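A short write-up of the structure that comes next.
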Amino acid sequence: MKPVNFKFRHKLNTIIGGEAHNFCYQCGACVGDCPAALYSPAFNPRNILLMALLGDEESLVGPDSVIWDCTNCNTCYERCPQAVRPVEVIIALKNISFGKGTNPPGVKSILDSVKETGRTVKTSSLSDRRRKELGLKEISIVPLEELKKLLE
Amino acid sequence: MQLLTVTEFMKYAPFFGCMISVKYPQMEASVRKTMANLGMELVDLQGFSCCPDPIYFKATDKLTWMTLAARNITIAEEAGLDLVTMCSGCTATLSEANFHLKHDPELKEKVNQRLKKIGKEYKGTVSVRHIVTVLRDDLGIEKVKASVKKPLNLKVAIHYGCHLLKPSEIMRVDDPDHPTILERLFEAAGAETVKHEKQVLCCGKACTHEEIPEKMTFDVLSSIKKSGADFMGLICPTCFDEFDLGQINLSRKFSVDLKVPIIYYFQYLGLSQGLSPEDVGLHLHKTKADEMLKKIS
């Protein structure tokens with residue numbers, strides 16, 4: 001068995017919601033009502049937390065990591081008796097994955113879209129026309145200069 | 001001293017977000033039209049950006065996600081109005097950010113350091129609320145009921161979606177496992193609610209591998225089909241995306257014929273208040289509501 005990778009765990013501790021992985025005692029309460037676990041045998045929040053405790057960097061934040069199949073439904077947040085909030089640990093892991101560039105391409109395109117337009121969905125002549133037909137005002141302008149400063 | 005009437009208190013800053021404003025403006029139109037009928041004032045503020053998205057944007061960097069959310073909240077703070085959200089995703093982002101920033105002074109300091117660059121400061125003076133809670137708690141179910149001109153008596157199977165309810169310690173909307181808020185609102189709008197097995201299942205939209213959401217979507221829609229409902233009622237544009245457009249993709253891929261119309265709450269309320277299907281933009285849906293509309297014509 002490989003030794004625990006504490007360096008990786010310390011890194012996880014520095015991200016919002018990541019430090020709570022330390023409190024997981026592997027009871028499995030997060031698994032029973034997890035929809036991703038129900039629909040995909042490969043996905044198991046308890047197992048993800050175990051890998052986090054072992055500091056299994058390669059599996060958790062490498063390419064094609066199972067973390068990206070989390071539905072973000074927050075049910076594990078409800079169930080966990082230790083307030084680990086597994087979903088938030090998983091998102092903290094996603095932050096690390098994004099830093100390494102091992103994230104699915106869709107993540108980067110959402111970030112780029114917000115940087116370029118201030119929105120996740122870009123406006124088009126069709127969307128403008130639809131708004132008009134429904135009696136809505138023109139879509140408001142996003143102050144992109146402000147966003148740019150915050151996204152630097 | 002003259003007491004203010006209830007309606008004078010009811011001013012809110014609406015936050016429509018990207019999905020609704022751009023992709024599903026029929027939702028915005030139905031909210032604006034029904035709110036006007038209920039005498040509730042939406043005060044449009046300028047300068048909002050994406051909430052930002054609680055799935056993919058949050059996956060890039062939580063602190064940046066929180067900073068952009070805080071920036072949006074400061075716009076409402078400057079106007080002294082509570083933010084009202086119509087999308088469960090925007091509700092999730094803005095409620096979570098507001099909760100953590102109110103409870104964690106160190107985090108608030110970090111975020112405010114960043115906001116200083118654009119001359120803004122998060123103070124923690126307003127609330128973020130999904131619009132359905134405003135109807136239930138501020139306006140009251142009875143007033144919703146009183147706005148109905150013709151009860152349509154259609155059968156609705158509700159899809160709750162996750163982010164209206166969970167995490168319950170932050171959302172504080174309803175019992176997360178046995179919610180009632182949407183049943184009460186659909187019944188007030190003159191619908192008959194029918195139970196179905198997968199009422200609180202997730203839509204699965206956030207998963208990267210499409211097999212998972214496909215199976216979930218199929219199961220939820222089949223469960224609704226079995227319930228005998230005329231349509232699925234929901235309050236989230238992301239779930240709508242998964243079920244309306246997703247249903248067409250499923251039908252093609254698996255040669256199944258589901259045909260469950262997906263209706264946003266305020267579209268149904270609008271119909272009950274006497275608006276036409278075009279007024280609330282039902283013609284823009286991928287899964288057509290023709291069968292359902294025949295019953296009420």
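Identifiers in this document derive from the order of the structure tokens: chains are assigned A, B, ..., residues are numbered from 1 separately in each chain, and ligands are numbered from 1 in order of occurrence.
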Closest pair table for chain A residues within 7 Å of chain B, only C-alpha atoms, as a Markdown table:
| residue | atom | partner | partner_atom | distance |
| --- | --- | --- | --- | --- |
| A:Ile16 | CA | B:Lys62 | CA | 6.6 |
| A:Pro35 | CA | B:Cys202 | CA | 6.9 |
| A:Tyr39 | CA | B:Ile212 | CA | 6.0 |
| A:Ser40 | CA | B:Ile212 | CA | 6.7 |
| A:Trp68 | CA | B:Thr208 | CA | 5.6 |
| A:Asp69 | CA | B:Cys207 | CA | 4.3 |
| A:Cys70 | CA | B:Cys207 | CA | 5.7 |
| A:Thr71 | CA | B:Ala206 | CA | 4.9 |
| A:Asn72 | CA | B:Ala206 | CA | 6.6 |
| A:Cys73 | CA | B:Cys162 | CA | 5.2 |
| A:Asn74 | CA | B:Lys166 | CA | 5.7 |
| A:Tyr77 | CA | B:Pro167 | CA | 6.4 |
| A:Glu78 | CA | B:Pro167 | CA | 6.2 |
| A:Ile91 | CA | B:Ala59 | CA | 5.6 |
| A:Lys94 | CA | B:Ala59 | CA | 5.3 |
| A:Asn95 | CA | B:Thr60 | CA | 5.0 |
| A:Phe98 | CA | B:Thr60 | CA | 5.5 |
| A:Val107 | CA | B:Tyr56 | CA | 5.0 |
| A:Ile110 | CA | B:Phe57 | CA | 6.4 |
| A:Leu111 | CA | B:Phe57 | CA | 5.9 |
| A:Val114 | CA | B:Cys50 | CA | 7.0 |
| A:Gly118 | CA | B:Ser49 | CA | 5.2 |
| A:Arg119 | CA | B:Cys50 | CA | 4.8 |
| A:Thr120 | CA | B:Cys18 | CA | 6.2 |
| A:Val121 | CA | B:Cys18 | CA | 5.8 |
| A:Thr123 | CA | B:Val22 | CA | 5.9 |
| A:Ser127 | CA | B:Val22 | CA | 5.7 |
| A:Arg131 | CA | B:Pro25 | CA | 5.9 |
| A:Leu134 | CA | B:Ala29 | CA | 6.3 |
| A:Leu136 | CA | B:Ala29 | CA | 6.6 |
| A:Ser140 | CA | B:Gln46 | CA | 6.8 |
| A:Ile141 | CA | B:Gly47 | CA | 6.6 |
| A:Val142 | CA | B:Gly47 | CA | 5.4 |
| A:Pro143 | CA | B:Gly47 | CA | 6.0 |
| A:Glu146 | CA | B:Ile118 | CA | 6.0 |
| A:Lys149 | CA | B:Lys117 | CA | 6.9 |
| A:Leu150 | CA | B:Arg114 | CA | 6.7 |
Filtered DSSP result for stretch 70-272 of chain B, state alpha helix (DSSP H), as a PyMOL selection string: chain B and resi 70-79+88-103+105-115+131-134+141-146+168-171+181-188+211-227+237-254+265-272
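By chain and then residue number, the residues within 9 Å of A:Gly32 are Ala37, Leu38 and Cys76 of chain A, counting only C-alpha atoms and disregarding those fewer than 5 positions away in sequence.
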Resulting file, chosen residues, N, CA and C atoms, as a compact mmCIF listing (two decimals), in the first residue's frame:
# COMPACT_ATOMS: atom_id res chain seq x y z
N ALA A 37 -24.39 7.66 -7.40
CA ALA A 37 -24.01 6.31 -6.98
C ALA A 37 -25.07 5.29 -7.40
N LEU A 38 -26.31 5.73 -7.37
CA LEU A 38 -27.41 4.86 -7.74
C LEU A 38 -27.35 4.50 -9.23
N CYS A 76 -25.72 14.52 -0.04
CA CYS A 76 -24.69 14.07 0.91
C CYS A 76 -24.43 15.15 1.97
DSSP strand (DSSP E or B) selection over stretch 43-210 of chain B, as JSON, numbers by chain: {"B": [83, 84, 85, 128, 129, 130, 155, 156, 157, 158, 192, 193]}
Selection near A:Ala29, 8 Å with only C-alpha atoms, sequence-local residues under 2 positions removed, as an MDAnalysis selection string: chainID A and resid 27 31:32 76 79:81
Near-stretch 47-53 of chain A list (12 Å; only C-alpha atoms; drop same-chain fewer than 4 positions) as number ranges by chain: A: 2-13, 18-31, 37, 41-43, 57-61, 65-70, 76, 80, 84-93
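Counting only C-alpha atoms, B:Tyr122 has the following residues at most 12 Å away, ignoring those fewer than 6 positions along the same chain: B:Met66, B:Thr67, B:Leu68, B:Ala69, B:Ala70, B:Arg71, B:Asn72, B:Ile73, B:Thr74, B:Ile75, B:Ala76, B:Glu77, B:Glu78, B:Ala97, B:Asn98, B:His100, B:Leu101, B:Lys102, B:Pro105, B:Leu107, B:Lys108, B:Glu109, B:Lys110, B:Val111, B:Asn112, B:Gln113, B:Arg114, B:Leu115, B:Lys116.
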What does the file look like for those residues with C-alpha atoms, as a compact mmCIF listing (two decimals), in the first residue's frame?
# COMPACT_ATOMS: atom_id res chain seq x y z
CA MET B 66 -17.84 33.68 -4.42
CA THR B 67 -16.36 37.06 -5.37
CA LEU B 68 -18.49 37.37 -8.50
CA ALA B 69 -21.56 36.32 -6.54
CA ALA B 70 -20.74 38.92 -3.87
CA ARG B 71 -20.41 41.56 -6.57
CA ASN B 72 -23.95 40.79 -7.73
CA ILE B 73 -25.24 40.96 -4.15
CA THR B 74 -23.63 44.38 -3.57
CA ILE B 75 -25.79 45.79 -6.39
CA ALA B 76 -28.91 44.81 -4.43
CA GLU B 77 -27.33 46.09 -1.19
CA GLU B 78 -26.73 49.50 -2.75
CA ALA B 97 -22.33 32.97 -1.12
CA ASN B 98 -24.54 35.22 1.01
CA HIS B 100 -20.95 31.94 3.92
CA LEU B 101 -20.05 35.62 3.68
CA LYS B 102 -22.45 36.45 6.51
CA PRO B 105 -15.66 37.14 8.64
CA LEU B 107 -13.83 34.89 4.02
CA LYS B 108 -15.73 38.16 3.84
CA GLU B 109 -12.45 40.03 4.31
CA LYS B 110 -10.79 38.05 1.51
CA VAL B 111 -13.69 38.68 -0.88
CA ASN B 112 -13.84 42.38 0.03
CA GLN B 113 -10.11 42.72 -0.65
CA ARG B 114 -10.88 41.61 -4.20
CA LEU B 115 -14.01 43.74 -4.54
CA LYS B 116 -11.96 46.81 -3.57
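Every protein or nucleic acid residue with an atom no more than 7 Å from B:Val43, counting only C-alpha atoms and leaving out same-chain residues fewer than 5 positions away, appears here: B:Lys11, B:Tyr12, B:Ala13, B:Pro14.
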Okay, now the selection with C-alpha atoms, as a compact mmCIF listing (two decimals), in the first residue's frame?
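The resulting file, part.txt, is reproduced below:
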# COMPACT_ATOMS: atom_id res chain seq x y z
CA LYS B 11 -40.52 45.47 -3.72
CA TYR B 12 -37.83 43.10 -4.89
CA ALA B 13 -34.81 43.20 -7.13
CA PRO B 14 -35.24 40.38 -9.65
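The interatomic distance for the pair atom CA of B:Val173 and atom CA of B:Leu135 works out to 12.0 Å.
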Counting only C-alpha atoms, the residue of B:Phe240, B:Phe15, B:Phe231, B:Phe218 that sits nearest B:Phe186: B:Phe231
